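Everything below concerns the one structure shown next.
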Amino acid sequence: MAVEMELVSVEAPERPTRTPVVILRETTGQRRILPIFIGTPEAQAIALSLQKIETPRPMTHDLMKDLLDELGAHVQRVVVTELRESTFFAEIVLRAGDQVHAVSARPSDAVALAVRTGAPLFAEEGVLE
């Protein structure tokens with residue numbers, strides 16, 4: 001079962017690795033936190049979108065959104081589906097006409113696209129446990 005999440009922040013903590021982390025929090029219930037370490041470019045892409053900063057040319061996630069818009073498809077939701085061997089997996093659930101498609105994605109890319117499209121975020125219960 002998937003639990004609705006909200007994006008709390010994207011941070012580059014002060015640590016030796018300085019690896020950025022995206023923080024998701026359960027919207028209801030226990031309000032559990034899900035930290036996901038991500039790459040610097042993806043963290044920057046999420047932060048730019050959250051701050052409503054437009055770049056002179058489309059970034060990759062902006063291009064993804066523009067392609068979906070042009071094709072008449074939209075992102076229904078993003079789901080963090082699994083944690084396997086310290087790696088998170090996600091799906092972007094798209095609707096195109098009367099068809100629904102689930103596309104495998106890195107959580108960082110999926111979150112970056114969700115921020116741009118306003119799509120809700122979810123995590124499978126097993127990932128939160």
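Following the order of the structure tokens, first chain is A, next is B, and so on, with residues numbered from 1 inside each chain and ligands from 1 in the order they appear.
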### Query
Can you list every residue in stretch 43-93 of chain A that DSSP puts in strand (DSSP E or B), as a PyMOL selection string?
chain A and resi 73-84+87-93
### Message
Applying 12 Å and only C-alpha atoms, which residues near A:Arg84 remain after dropping the ones on its own chain fewer than 6 positions away? List them as a PyMOL selection string.
### Response
chain A and resi 90+126-127
Convert the current residue selection to file output with C-alpha atoms, as a JSON list (two decimals), in the first residue's frame.
[["chain", "number", "residue", "atom", "x", "y", "z"],
["A", 90, "ALA", "CA", 10.60, 4.69, -8.03],
["A", 126, "GLY", "CA", 7.56, -1.47, 2.87],
["A", 127, "VAL", "CA", 9.98, 1.33, 1.99]]
### Message
Quick one: residues within 7 Å of A:Ile38, only C-alpha atoms, excluding same-chain residues fewer than 4 positions away - as a list in words?
### Response
Thr19, Pro20, Val21, Val22, Glu42, Ala43 and Ser108 of chain A
### Among the residues A:Ala110, A:Leu83, A:Val10, A:Leu94, the one that comes closest to A:Gln44 [using only C-alpha atoms]
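Using only C-alpha atoms, A:Gln44 sits closest to A:Val10.
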### DSSP helix (DSSP H, G or I) residues within chain A, as number ranges by chain
A: 40-50, 60-71, 107-117, 125-128
